[in-house]
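One file, target_13.txt, is given below (compact mmCIF, C-alpha atoms).
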```txt
# COMPACT_ATOMS: atom_id res chain seq x y z
CA MET A 1 -0.46 29.59 -4.27
CA THR A 2 1.47 31.08 -1.40
CA ARG A 3 1.65 29.40 1.96
CA ARG A 4 -0.57 31.99 3.63
CA ALA A 5 -3.26 31.61 1.01
CA ARG A 6 -3.07 27.85 1.38
CA ILE A 7 -3.52 28.01 5.14
CA ALA A 8 -6.39 30.48 4.84
CA LEU A 9 -8.14 28.25 2.32
CA PHE A 10 -7.64 25.29 4.62
CA VAL A 11 -9.17 27.13 7.57
CA VAL A 12 -12.32 27.75 5.57
CA ALA A 13 -12.52 24.26 4.07
CA GLY A 14 -11.49 22.58 7.30
CA GLY A 15 -14.14 24.43 9.20
CA CYS A 16 -16.85 23.23 6.84
CA THR A 17 -15.53 19.68 6.98
CA ALA A 18 -15.38 19.79 10.75
CA ALA A 19 -18.98 20.99 10.94
CA LEU A 20 -20.15 18.22 8.62
CA LEU A 21 -18.22 15.55 10.50
CA VAL A 22 -19.49 16.69 13.88
CA LEU A 23 -23.07 16.66 12.60
CA GLY A 24 -22.54 13.15 11.29
CA VAL A 25 -20.91 11.95 14.47
CA LEU A 26 -23.77 13.14 16.64
CA ASP A 27 -26.05 10.66 14.93
CA LEU A 28 -23.96 7.59 15.67
CA PRO A 29 -25.01 5.16 18.42
CA HIS A 30 -23.50 6.58 21.56
CA PHE A 31 -20.04 5.42 22.65
CA GLY A 32 -20.19 2.07 24.43
CA SER A 33 -23.64 1.03 23.30
CA SER A 34 -24.51 -2.61 22.78
CA PHE A 35 -25.89 -2.42 19.26
CA HIS A 36 -23.35 -4.39 17.18
CA PRO A 37 -25.00 -6.56 14.52
CA TYR A 38 -21.70 -7.51 12.86
CA ARG A 39 -20.39 -8.72 16.20
CA ASP A 40 -23.30 -11.11 16.64
CA ALA A 41 -22.97 -12.52 13.14
CA SER A 42 -19.18 -12.94 13.13
CA LEU A 43 -19.05 -14.44 16.64
CA ALA A 44 -21.54 -17.12 15.65
CA ALA A 45 -19.60 -17.89 12.46
CA ALA A 46 -16.22 -18.02 14.23
CA VAL A 47 -17.47 -20.42 16.90
CA ALA A 48 -19.01 -22.59 14.16
CA HIS A 49 -15.55 -22.75 12.55
CA LYS A 50 -13.97 -23.58 15.93
CA THR A 51 -11.73 -20.51 16.04
CA SER A 52 -10.93 -19.03 19.44
CA ASN A 53 -9.58 -15.75 18.14
CA VAL A 54 -12.55 -14.17 16.41
CA ILE A 55 -10.40 -11.41 14.91
CA SER A 56 -8.12 -13.93 13.19
CA SER A 57 -11.20 -15.73 11.99
CA VAL A 58 -12.48 -12.52 10.42
CA ASN A 59 -9.09 -11.79 8.85
CA PHE A 60 -8.20 -15.23 7.53
CA ASP A 61 -11.50 -17.04 7.18
CA LEU A 62 -14.62 -14.90 7.01
CA ARG A 63 -13.07 -11.98 5.10
CA ALA A 64 -9.90 -13.57 3.79
CA LEU A 65 -10.41 -11.89 0.43
CA ASP A 66 -9.82 -8.49 2.02
CA THR A 67 -6.60 -9.77 3.58
CA LEU A 68 -5.45 -10.95 0.15
CA GLY A 69 -5.98 -7.42 -1.12
CA GLU A 70 -4.14 -5.90 1.84
CA GLU A 71 -1.10 -8.08 1.45
CA THR A 72 -1.01 -7.32 -2.26
CA ILE A 73 -0.79 -3.64 -1.31
CA LEU A 74 2.08 -4.57 1.01
CA LEU A 75 3.88 -6.43 -1.77
CA ALA A 76 3.39 -3.57 -4.22
CA SER A 77 4.67 -0.95 -1.75
CA VAL A 78 7.81 -2.94 -1.01
CA ILE A 79 8.49 -3.39 -4.73
CA GLY A 80 8.00 0.36 -5.15
CA VAL A 81 10.45 1.16 -2.37
CA THR A 82 13.05 -1.25 -3.78
CA VAL A 83 12.79 0.37 -7.19
CA LEU A 84 12.85 3.94 -5.87
CA LEU A 85 15.84 3.48 -3.61
CA ARG A 86 18.26 2.20 -6.21
CA PRO A 87 21.49 4.22 -6.09
CA ALA A 88 21.56 7.07 -8.62
CA GLU A 89 24.23 7.37 -11.33
CA ASP A 90 26.48 9.67 -9.33
CA GLU A 91 26.41 7.68 -6.12
CA HIS A 92 28.94 5.17 -4.86
CA GLU A 93 28.71 2.46 -2.31
CA HIS A 94 31.29 2.37 0.41
CA GLN A 95 31.95 0.43 3.56
CA PRO A 96 30.46 2.05 6.65
CA VAL A 97 33.14 3.56 8.90
CA GLY A 98 33.57 2.02 12.32
CA GLU A 99 30.85 1.21 14.77
CA GLY A 100 30.22 4.41 16.66
CA ARG A 101 30.18 4.62 20.42
CA LEU A 102 27.92 2.10 22.01
CA LEU A 103 27.22 1.61 25.69
CA ASP A 104 27.95 -1.89 26.89
CA SER A 105 24.51 -2.06 28.45
CA THR A 106 22.89 -1.30 25.09
CA ARG A 107 24.88 -4.04 23.47
CA MET A 108 23.96 -6.50 26.19
CA VAL A 109 20.27 -5.63 26.08
CA GLY A 110 20.27 -6.01 22.32
CA TYR A 111 21.96 -9.39 22.30
CA LEU A 112 19.79 -10.62 25.18
CA PHE A 113 16.49 -9.55 23.70
CA LEU A 114 17.13 -10.60 20.12
CA PRO A 115 16.35 -14.34 20.56
CA ILE A 116 13.54 -13.59 23.01
CA THR A 117 11.86 -11.16 20.63
CA VAL A 118 12.16 -13.41 17.61
CA MET A 119 10.81 -16.34 19.61
CA ILE A 120 7.86 -14.28 20.88
CA GLY A 121 7.14 -13.19 17.32
CA LEU A 122 7.15 -16.75 16.03
CA LEU A 123 4.88 -17.86 18.87
CA THR A 124 2.50 -15.01 18.11
CA VAL A 125 2.27 -16.09 14.49
CA ALA A 126 1.79 -19.75 15.33
CA HIS A 127 -0.90 -19.10 17.94
CA GLY A 128 -2.76 -16.72 15.69
CA ALA A 129 -5.94 -18.76 15.79
CA VAL A 130 -6.25 -19.08 19.55
CA THR A 131 -4.65 -16.12 21.37
CA PRO A 132 -4.32 -12.43 20.50
CA GLY A 133 -1.94 -12.38 17.59
CA GLY A 134 -1.71 -13.61 14.07
CA GLY A 135 0.34 -13.14 10.97
CA PHE A 136 0.44 -9.35 10.89
CA GLN A 137 1.44 -8.73 14.49
CA GLY A 138 3.88 -11.63 14.71
CA GLY A 139 5.49 -10.73 11.41
CA VAL A 140 6.10 -7.18 12.58
CA VAL A 141 7.63 -8.40 15.84
CA VAL A 142 9.99 -10.84 14.07
CA GLY A 143 11.02 -8.29 11.46
CA THR A 144 11.76 -5.64 14.05
CA GLY A 145 13.47 -8.07 16.42
CA ILE A 146 16.07 -9.00 13.84
CA HIS A 147 17.12 -5.37 13.68
CA LEU A 148 18.03 -5.39 17.35
CA LEU A 149 21.27 -6.72 15.93
CA TYR A 150 21.83 -3.34 14.28
CA VAL A 151 21.09 -1.56 17.56
CA ALA A 152 23.31 -3.83 19.62
CA GLY A 153 26.04 -4.68 17.16
CA SER A 154 27.12 -3.18 13.92
CA TYR A 155 25.76 -2.87 10.43
CA ARG A 156 28.16 -5.61 9.29
CA ALA A 157 26.67 -8.07 11.75
CA LEU A 158 23.15 -7.25 10.58
CA GLU A 159 24.13 -7.73 6.95
CA ARG A 160 25.51 -11.15 7.67
CA ALA A 161 22.52 -12.20 9.75
CA ARG A 162 19.80 -11.24 7.32
CA PRO A 163 20.33 -12.01 3.66
CA VAL A 164 18.11 -9.63 1.71
CA GLY A 165 17.70 -12.06 -1.17
CA LEU A 166 16.17 -14.60 1.19
CA ALA A 167 13.78 -11.97 2.54
CA GLU A 168 12.65 -10.99 -0.95
CA LEU A 169 12.07 -14.65 -1.72
CA GLY A 170 10.18 -15.08 1.54
CA GLU A 171 7.88 -12.23 0.67
CA ALA A 172 6.96 -13.71 -2.68
CA VAL A 173 6.50 -17.16 -1.13
CA GLY A 174 4.17 -15.75 1.55
CA ALA A 175 1.99 -13.92 -0.93
CA GLY A 176 1.93 -16.88 -3.30
CA ALA A 177 1.03 -19.33 -0.54
CA PHE A 178 -1.96 -17.21 0.40
CA ALA A 179 -3.25 -17.19 -3.16
CA CYS A 180 -2.57 -20.93 -3.57
CA MET A 181 -4.58 -21.67 -0.43
CA GLY A 182 -7.43 -19.73 -1.96
CA ILE A 183 -7.25 -21.71 -5.16
CA ALA A 184 -7.11 -24.93 -3.15
CA GLY A 185 -10.29 -23.84 -1.45
CA ALA A 186 -11.93 -23.22 -4.79
CA LEU A 187 -10.81 -26.58 -6.16
CA ALA A 188 -12.12 -28.47 -3.12
CA ALA A 189 -15.67 -27.65 -4.26
CA SER A 190 -15.98 -24.78 -1.78
CA SER A 191 -15.46 -21.11 -2.56
CA PHE A 192 -12.21 -19.20 -3.21
CA LEU A 193 -10.38 -18.99 0.15
CA GLY A 194 -12.96 -21.24 1.76
CA ASN A 195 -11.93 -23.10 4.89
CA VAL A 196 -11.14 -26.60 3.66
CA LEU A 197 -8.61 -27.98 6.17
CA PRO A 198 -9.90 -30.04 9.15
CA LEU A 199 -11.37 -27.85 11.86
CA GLY A 200 -10.27 -29.51 15.12
CA ALA A 201 -11.52 -28.68 18.60
CA PHE A 202 -12.32 -25.21 19.90
CA GLY A 203 -9.29 -23.76 21.67
CA ASP A 204 -6.69 -26.20 20.36
CA LEU A 205 -3.53 -24.97 18.71
CA PHE A 206 -4.26 -26.85 15.48
CA SER A 207 -7.88 -25.83 15.21
CA SER A 208 -9.81 -23.67 12.79
CA GLY A 209 -8.58 -25.19 9.56
CA SER A 210 -6.88 -22.88 7.14
CA VAL A 211 -6.63 -19.92 9.56
CA LEU A 212 -3.33 -21.27 10.92
CA PHE A 213 -1.88 -21.80 7.45
CA LEU A 214 -2.88 -18.36 6.20
CA SER A 215 -1.64 -16.77 9.40
CA VAL A 216 1.81 -18.34 8.89
CA ALA A 217 1.85 -17.29 5.22
CA VAL A 218 1.03 -13.69 6.15
CA GLY A 219 3.56 -13.79 9.00
CA VAL A 220 6.32 -14.85 6.60
CA GLU A 221 5.33 -12.14 4.17
CA VAL A 222 5.10 -9.32 6.70
CA ALA A 223 8.40 -10.21 8.39
CA SER A 224 10.16 -10.38 5.03
CA ALA A 225 8.57 -7.09 3.96
CA VAL A 226 9.81 -5.33 7.10
CA VAL A 227 13.32 -6.74 6.60
CA VAL A 228 13.44 -5.67 2.93
CA LEU A 229 12.09 -2.19 3.68
CA LEU A 230 14.54 -1.51 6.48
CA ALA A 231 17.37 -3.02 4.41
CA GLN A 232 16.72 -0.56 1.60
CA PHE A 233 16.60 2.43 3.91
CA LEU A 234 19.67 1.32 5.86
CA HIS A 235 21.61 0.69 2.67
CA GLN A 236 20.85 4.16 1.40
CA ALA A 237 21.55 5.89 4.67
CA VAL A 238 24.67 4.02 5.72
CA GLU A 239 26.43 2.77 2.62
CA VAL A 240 25.60 4.99 -0.30
CA THR A 241 26.96 8.52 -0.61
CA GLY A 242 26.80 11.20 -3.24
CA GLU A 243 29.69 12.59 -5.23
CA GLU A 244 30.14 15.66 -3.04
CA LYS A 245 30.95 13.53 -0.04
CA GLU A 246 33.35 11.43 -2.11
CA ALA A 247 35.35 14.43 -3.29
CA ALA A 248 35.63 16.00 0.17
CA MET B 1 -17.24 5.73 29.59
CA SER B 2 -14.54 5.25 32.19
CA ALA B 3 -12.11 7.92 33.28
CA PHE B 4 -9.17 5.92 31.95
CA ILE B 5 -10.57 5.95 28.40
CA ALA B 6 -11.30 9.68 28.65
CA ILE B 7 -7.74 10.40 29.80
CA ALA B 8 -6.27 8.20 27.07
CA LEU B 9 -8.33 9.98 24.41
CA THR B 10 -7.25 13.39 25.67
CA LEU B 11 -3.60 12.33 25.70
CA VAL B 12 -3.91 11.10 22.10
CA ALA B 13 -5.39 14.44 21.02
CA VAL B 14 -2.61 16.37 22.79
CA GLY B 15 0.01 14.03 21.34
CA ALA B 16 -1.28 14.56 17.81
CA VAL B 17 -0.98 18.34 18.22
CA ALA B 18 2.54 17.89 19.58
CA VAL B 19 3.65 15.79 16.61
CA VAL B 20 2.20 18.19 14.06
CA MET B 21 3.69 21.24 15.75
CA THR B 22 7.21 19.77 15.82
CA ASP B 23 8.86 21.28 12.78
CA ASP B 24 12.18 19.47 12.67
CA PRO B 25 11.60 16.00 11.20
CA ALA B 26 14.42 14.46 13.22
CA ARG B 27 12.68 15.51 16.44
CA GLN B 28 9.36 14.54 14.99
CA ALA B 29 10.51 10.91 14.79
CA VAL B 30 10.86 10.81 18.58
CA THR B 31 7.51 12.52 19.11
CA LEU B 32 5.90 10.12 16.68
CA SER B 33 7.28 7.20 18.65
CA VAL B 34 5.74 8.55 21.88
CA TYR B 35 2.46 9.14 20.04
CA GLY B 36 2.52 5.53 18.88
CA LEU B 37 2.85 4.41 22.47
CA LEU B 38 -0.07 6.63 23.56
CA LEU B 39 -2.18 5.15 20.79
CA ALA B 40 -1.30 1.64 21.92
CA VAL B 41 -2.41 2.52 25.47
CA LEU B 42 -5.70 3.85 24.07
CA PHE B 43 -6.22 0.69 22.07
CA MET B 44 -5.66 -1.43 25.17
CA ALA B 45 -8.18 0.73 27.07
CA LEU B 46 -10.69 0.02 24.31
CA THR B 47 -10.14 -3.75 24.84
CA ALA B 48 -8.37 -4.31 21.53
CA PRO B 49 -5.22 -6.32 22.36
CA ASP B 50 -4.58 -7.40 18.75
CA VAL B 51 -4.61 -3.84 17.48
CA ALA B 52 -2.34 -2.67 20.30
CA LEU B 53 0.16 -5.41 19.36
CA SER B 54 0.27 -4.18 15.77
CA GLN B 55 0.52 -0.54 16.78
CA ILE B 56 3.40 -1.04 19.20
CA GLY B 57 5.57 -2.80 16.66
CA VAL B 58 4.79 -0.50 13.80
CA GLY B 59 4.20 2.93 15.27
CA THR B 60 6.87 2.85 17.94
CA ALA B 61 9.72 1.18 16.10
CA ILE B 62 9.40 0.85 12.35
CA VAL B 63 8.00 4.17 11.16
CA PRO B 64 10.19 6.41 13.37
CA LEU B 65 13.24 4.37 12.33
CA MET B 66 12.44 4.89 8.65
CA VAL B 67 11.90 8.62 9.21
CA MET B 68 15.28 8.91 10.94
CA LEU B 69 17.03 6.98 8.17
CA THR B 70 15.43 9.25 5.56
CA ILE B 71 16.63 12.35 7.41
CA ARG B 72 20.13 10.92 7.69
CA LYS B 73 20.20 10.10 4.00
CA MET B 74 19.20 13.65 3.14
CA ARG B 75 21.83 15.11 5.47
CA ASN B 76 24.54 12.90 4.02
CA ARG B 77 23.69 14.06 0.58
CA SER B 78 23.31 17.81 1.09
CA MET C 1 -19.39 12.20 26.93
CA ARG C 2 -21.36 9.95 24.68
CA VAL C 3 -19.63 11.25 21.55
CA TYR C 4 -16.29 12.38 22.99
CA ALA C 5 -14.33 9.58 21.36
CA TYR C 6 -15.71 10.37 17.91
CA LEU C 7 -14.96 14.06 18.37
CA VAL C 8 -11.36 13.25 19.31
CA ALA C 9 -11.05 11.22 16.10
CA VAL C 10 -12.41 14.11 14.01
CA PHE C 11 -10.04 16.50 15.77
CA VAL C 12 -6.96 14.35 15.15
CA LEU C 13 -7.91 13.98 11.47
CA LEU C 14 -8.17 17.74 11.01
CA VAL C 15 -4.97 18.36 12.97
CA GLY C 16 -3.13 15.96 10.67
CA ALA C 17 -4.54 17.65 7.58
CA PHE C 18 -3.57 21.06 8.94
CA GLY C 19 -0.06 19.77 9.50
CA ILE C 20 0.22 18.73 5.86
CA VAL C 21 -1.04 22.12 4.68
CA ARG C 22 1.39 24.20 6.73
CA SER C 23 4.37 21.92 6.30
CA ARG C 24 7.74 23.18 5.06
CA ASN C 25 9.33 19.79 4.62
CA LEU C 26 8.09 16.76 2.74
CA VAL C 27 9.15 14.33 5.47
CA HIS C 28 7.18 16.39 8.01
CA ALA C 29 4.17 16.17 5.69
CA VAL C 30 4.45 12.38 5.49
CA VAL C 31 4.48 12.08 9.27
CA CYS C 32 1.40 14.32 9.50
CA LEU C 33 -0.32 12.06 6.99
CA SER C 34 0.42 9.15 9.29
CA ILE C 35 -1.21 11.09 12.15
CA ALA C 36 -4.33 11.72 10.07
CA GLN C 37 -4.48 8.02 9.28
CA SER C 38 -4.36 7.10 12.96
CA ALA C 39 -7.52 9.16 13.47
CA THR C 40 -9.43 6.60 11.42
CA TYR C 41 -8.20 3.83 13.70
CA VAL C 42 -9.50 5.69 16.75
CA MET C 43 -12.86 6.24 15.02
CA LEU C 44 -13.23 2.58 14.02
CA LEU C 45 -12.36 1.25 17.45
CA ALA C 46 -14.61 3.78 19.16
CA ILE C 47 -17.54 2.63 17.01
CA GLY C 48 -16.89 -0.97 17.93
CA TYR C 49 -16.53 -0.45 21.66
CA GLN C 50 -19.03 -1.73 24.18
CA SER C 51 -18.65 -0.84 27.82
CA LYS C 52 -18.02 -3.72 30.25
CA ALA C 53 -17.47 -6.21 27.44
CA THR C 54 -14.69 -8.73 26.97
CA PRO C 55 -12.15 -8.75 24.14
CA PRO C 56 -13.21 -11.03 21.27
CA VAL C 57 -10.55 -13.68 21.96
CA PHE C 58 -11.32 -16.86 23.87
CA GLY C 59 -7.83 -18.19 24.40
CA SER C 60 -6.41 -21.64 24.74
CA PRO C 61 -7.70 -23.62 26.63
CA ALA C 62 -10.84 -21.87 25.51
CA THR C 63 -13.20 -20.18 27.87
CA LYS C 64 -16.84 -20.50 27.12
CA PRO C 65 -17.74 -18.09 24.30
CA ASN C 66 -20.09 -15.41 25.54
CA THR C 67 -21.96 -12.99 23.37
CA SER C 68 -21.01 -9.68 24.94
CA THR C 69 -17.64 -8.88 23.39
CA VAL C 70 -16.49 -5.76 21.62
CA GLU C 71 -16.86 -5.78 17.88
CA PRO C 72 -14.22 -7.94 16.15
CA LEU C 73 -14.81 -6.73 12.61
CA VAL C 74 -13.48 -3.20 13.12
CA GLN C 75 -10.49 -4.55 15.05
CA ALA C 76 -9.64 -6.86 12.16
CA MET C 77 -9.86 -3.96 9.71
CA THR C 78 -7.71 -1.72 11.90
CA LEU C 79 -4.88 -4.12 12.58
CA THR C 80 -4.29 -5.01 8.95
CA ASP C 81 -4.47 -1.35 8.05
CA ILE C 82 -1.83 -0.37 10.60
CA VAL C 83 0.76 -2.69 9.08
CA VAL C 84 -0.08 -1.94 5.46
CA SER C 85 -0.12 1.83 5.90
CA ALA C 86 3.35 1.64 7.42
CA THR C 87 4.64 0.24 4.15
CA VAL C 88 2.81 2.93 2.19
CA THR C 89 4.49 5.51 4.45
CA ALA C 90 7.80 3.87 3.53
CA LEU C 91 6.93 4.32 -0.14
CA LEU C 92 6.21 8.02 0.43
CA LEU C 93 9.51 8.44 2.26
CA ALA C 94 11.32 6.78 -0.64
CA VAL C 95 9.66 9.28 -3.00
CA ALA C 96 10.87 12.10 -0.72
CA VAL C 97 14.44 10.72 -0.91
CA GLN C 98 14.25 10.67 -4.69
CA VAL C 99 12.91 14.23 -4.77
CA HIS C 100 15.85 15.30 -2.64
CA LYS C 101 18.28 13.57 -4.97
CA ARG C 102 16.85 15.22 -8.07
CA HIS C 103 16.10 18.72 -6.84
CA GLY C 104 18.29 19.16 -3.79
CA THR C 105 15.44 20.43 -1.63
CA VAL C 106 12.37 19.00 0.06
CA ASP C 107 10.59 22.27 0.72
CA PRO C 108 7.20 22.06 -1.02
CA ASN C 109 7.16 25.81 -1.56
CA GLU C 110 10.34 25.61 -3.62
CA LEU C 111 9.35 22.54 -5.59
CA ALA C 112 7.15 24.63 -7.81
CA ALA C 113 7.10 23.02 -11.22
CA LEU C 114 7.62 19.44 -12.30
CA ARG C 115 10.82 19.59 -14.24
CA GLY C 116 11.68 16.65 -16.41
```
What does the file become when written as structure tokens?
Amino acid sequence: MTRRARIALFVVAGGCTAALLVLGVLDLPHFGSSFHPYRDASLAAAVAHKTSNVISSVNFDLRALDTLGEETILLASVIGVTVLLRPAEDEHEHQPVGEGRLLDSTRMVGYLFLPITVMIGLLTVAHGAVTPGGGFQGGVVVGTGIHLLYVAGSYRALERARPVGLAELGEAVGAGAFACMGIAGALAASSFLGNVLPLGAFGDLFSSGSVLFLSVAVGVEVASAVVVLLAQFLHQAVEVTGEEKEAA
Amino acid sequence: MSAFIAIALTLVAVGAVAVVMTDDPARQAVTLSVYGLLLAVLFMALTAPDVALSQIGVGTAIVPLMVMLTIRKMRNRS
Amino acid sequence: MRVYAYLVAVFVLLVGAFGIVRSRNLVHAVVCLSIAQSATYVMLLAIGYQSKATPPVFGSPATKPNTSTVEPLVQAMTLTDIVVSATVTALLLAVAVQVHKRHGTVDPNELAALRG
């Protein structure tokens, strides 16, 4: 099908879809209304489990099974990327040439913000049950913060600072810890992924039982996943070249 | 609905058109990064601080970086 | 104005789909897919919004929990989805790199048949 025919077909189909969606949207409760039955139910349940951050409670306590599914998708995608980005038969690895031109201010900003960013990320993961944050957000911040070393320094420095084998191990450990917590919940005569650790007081750092533990497990997994993903892409882009480049 | 939310929504719509209409993928990475920031502002306007945290880290830094590395890999090879 | 947010979400979804259809480069198509995905986040958060309500986080030391917050369920769905869909985008980009290695081009119009 030529490109023009494809676009023409899309205009027709897209128009029908747009009409259907607009008709459906007009029947929703209007924007900003106060009819939220799920909000009432989950708020009551989160306060009963002494969790200050209701969103973390939904993610790691009330609907922890969905989070287990999501992080399995994460694990599978990272395995897929690692397999797909293996060097092909006609490619060679080589050392990256030089460092490129780098402004001193960029280097300074990178070195200054690296420990701050990683610390903020770890705090976000640890306070997942009480303040905005949690495993997913904190893991992303930590994973990205480590790569400030690539921005501020060189690829060599990044390679030394983040061992990829450790990150792959960390990912597996994070996913496994989540599943083990679920089994522990099932064994403690509750349900799979039930909240079986002591609940503590509302608003404390160590409150809400297993939410903190699951948040840390997910944080480890997400940070490791980001490091592995970026390591694969960086390796392919910076170190591996094809045969044409080699011969030139 | 406050004016700030209306402006943020309009900016997101305009940003989406801008990203789609940028044909060169290397330039699209930059536009995507700006779009990620606009989305994060919209999420903050809709009182969703957790979601904005996620979006800033992912949509502003990680996905555009991966797009740029993919483009560089393809240019090295061709 | 009562449905403007939902209409913006529908518009961004269709714009993303249109970008995939008219794309001449697989990487461009993957970025447009990411745009279409962000439309679902806008839709979810718009459904969960309540005007003049607090965010569903009570902090530490905790303030007294009130009952007029925005909906936490859709926010929980959206924030996990943002992170996970970034890794799926990485998978699609890795597929694009492999296509480029095997066929030398990433133009969908030239990648006509699946050669072995």
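Here CA of Ala237 (chain A) is placed at a distance of 13.2 Å from CA of His100 (chain C).
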Quiz prompt | Neighbour list for region 44-59 of chain B as a PyMOL selection string, cut-off 8 Å, all atoms listed in the file, skip fewer than 6 positions in-chain | solution = (chain A and resi 132-133+136-137+140-141+144) or (chain B and resi 4-5+8+32-33+36-37) or (chain C and resi 45-46+49+54-55+70+75-76+78-79+82-83+86)
Quiz prompt | Residues within 12 Å of Lys101 (chain C), only C-alpha atoms, excluding chain neighbours under 4 positions, as a list of chain:residue names | solution = A:Leu84, A:Leu85, A:Arg86, A:Pro87, A:Ala88, A:Glu89, A:Asp90, A:Glu91, A:Gln236, A:Thr241, A:Gly242, A:Glu243, B:Thr70, B:Lys73, B:Met74, B:Arg75, B:Asn76, B:Arg77, B:Ser78, C:Ala94, C:Val95, C:Ala96, C:Val97, C:Thr105, C:Val106
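Residues from chain A found within 6 Å of chain C are His30, Phe31, Gly32, Ser33, Ser34, Arg39, Ser52, Asn53, Val54, Ile55, Asn59, Leu74, Ser77, Val81, Val130, Thr131 and Gly203 of chain A, counting all atoms listed in the file.
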Using only C-alpha atoms, please write the residues we just selected to a file, as an mmCIF file, keeping the file's coordinate frame.
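Contents of the output file part-v9.cif:
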```cif
data_model
loop_
_atom_site.group_PDB
_atom_site.id
_atom_site.type_symbol
_atom_site.label_atom_id
_atom_site.label_comp_id
_atom_site.auth_asym_id
_atom_site.auth_seq_id
_atom_site.Cartn_x
_atom_site.Cartn_y
_atom_site.Cartn_z
ATOM 1 C CA HIS A 30 -23.500 6.580 21.560
ATOM 2 C CA PHE A 31 -20.040 5.420 22.650
ATOM 3 C CA GLY A 32 -20.190 2.070 24.430
ATOM 4 C CA SER A 33 -23.640 1.030 23.300
ATOM 5 C CA SER A 34 -24.510 -2.610 22.780
ATOM 6 C CA ARG A 39 -20.390 -8.720 16.200
ATOM 7 C CA SER A 52 -10.930 -19.030 19.440
ATOM 8 C CA ASN A 53 -9.580 -15.750 18.140
ATOM 9 C CA VAL A 54 -12.550 -14.170 16.410
ATOM 10 C CA ILE A 55 -10.400 -11.410 14.910
ATOM 11 C CA ASN A 59 -9.090 -11.790 8.850
ATOM 12 C CA LEU A 74 2.080 -4.570 1.010
ATOM 13 C CA SER A 77 4.670 -0.950 -1.750
ATOM 14 C CA VAL A 81 10.450 1.160 -2.370
ATOM 15 C CA VAL A 130 -6.250 -19.080 19.550
ATOM 16 C CA THR A 131 -4.650 -16.120 21.370
ATOM 17 C CA GLY A 203 -9.290 -23.760 21.670
#
```
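In this structure, CA of Gly185 (chain A) sits 17.0 Å away from CA of Gly69 (chain A).
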Quiz item: Which polymer residues have any atom within 8 Å of an atom of Leu38 (chain B), counting only C-alpha atoms, with same-chain residues fewer than 2 positions away left out, as a ChimeraX atom specification?
Solution: /B:8,11-12,15,34-36,40-42
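Each of B:Ala26, B:Val14, B:Val20, B:Leu39 was compared to chain C using all atoms listed in the file, and B:Val20 turns out to be the nearest.
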Exercise. Find the distance between CA of Val19 (chain B) and CA of Val67 (chain B) and write it in Å to one decimal.
Key: 13.2 Å
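In terms of minimum interatomic distance to chain B, C:Cys32 ranks closest within C:Val99, C:Leu26, C:Cys32, C:Tyr41, counting all atoms listed in the file.
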Quiz item: When distances are computed from all atoms listed in the file, which of A:Ala161, A:Leu234, A:Leu103, A:Leu26 shows the smallest separation from chain B?
Solution: A:Leu234
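Considering all atoms listed in the file, the residue among B:Met1, B:Val30, B:Ala16, B:Ala6 positioned nearest to chain A is B:Met1.
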Quiz item: Counting only C-alpha atoms, what is within 6 Å of Glu171 (chain A), bar same-chain residues fewer than 3 positions away, as a list in words?
Solution: Glu168, Gly174, Glu221 and Ser224 of chain A
Would you output that residue set with C-alpha atoms, as a short mmCIF file (atom, residue, chain, number, x, y, z; two decimals), in the frame of the given file?
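So part30.cif came out as:
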```cif
data_model
loop_
_atom_site.label_atom_id
_atom_site.label_comp_id
_atom_site.auth_asym_id
_atom_site.auth_seq_id
_atom_site.Cartn_x
_atom_site.Cartn_y
_atom_site.Cartn_z
CA GLU A 168 12.65 -10.99 -0.95
CA GLY A 174 4.17 -15.75 1.55
CA GLU A 221 5.33 -12.14 4.17
CA SER A 224 10.16 -10.38 5.03
#
```
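The protein and nucleic acid residues lying at most 12 Å from Ser207 (chain A) are Ala46, Val47, Ala48, His49, Lys50, Thr51, Ser52, Asn53, Ser57, Ala126, His127, Gly128, Ala129, Val130, Thr131, Asn195, Leu197, Pro198, Leu199, Gly200, Ala201, Phe202, Leu212 and Phe213 of chain A; Gly59, Ser60, Pro61 and Ala62 of chain C, with all atoms listed in the file considered and sequence neighbours fewer than 5 positions away removed.
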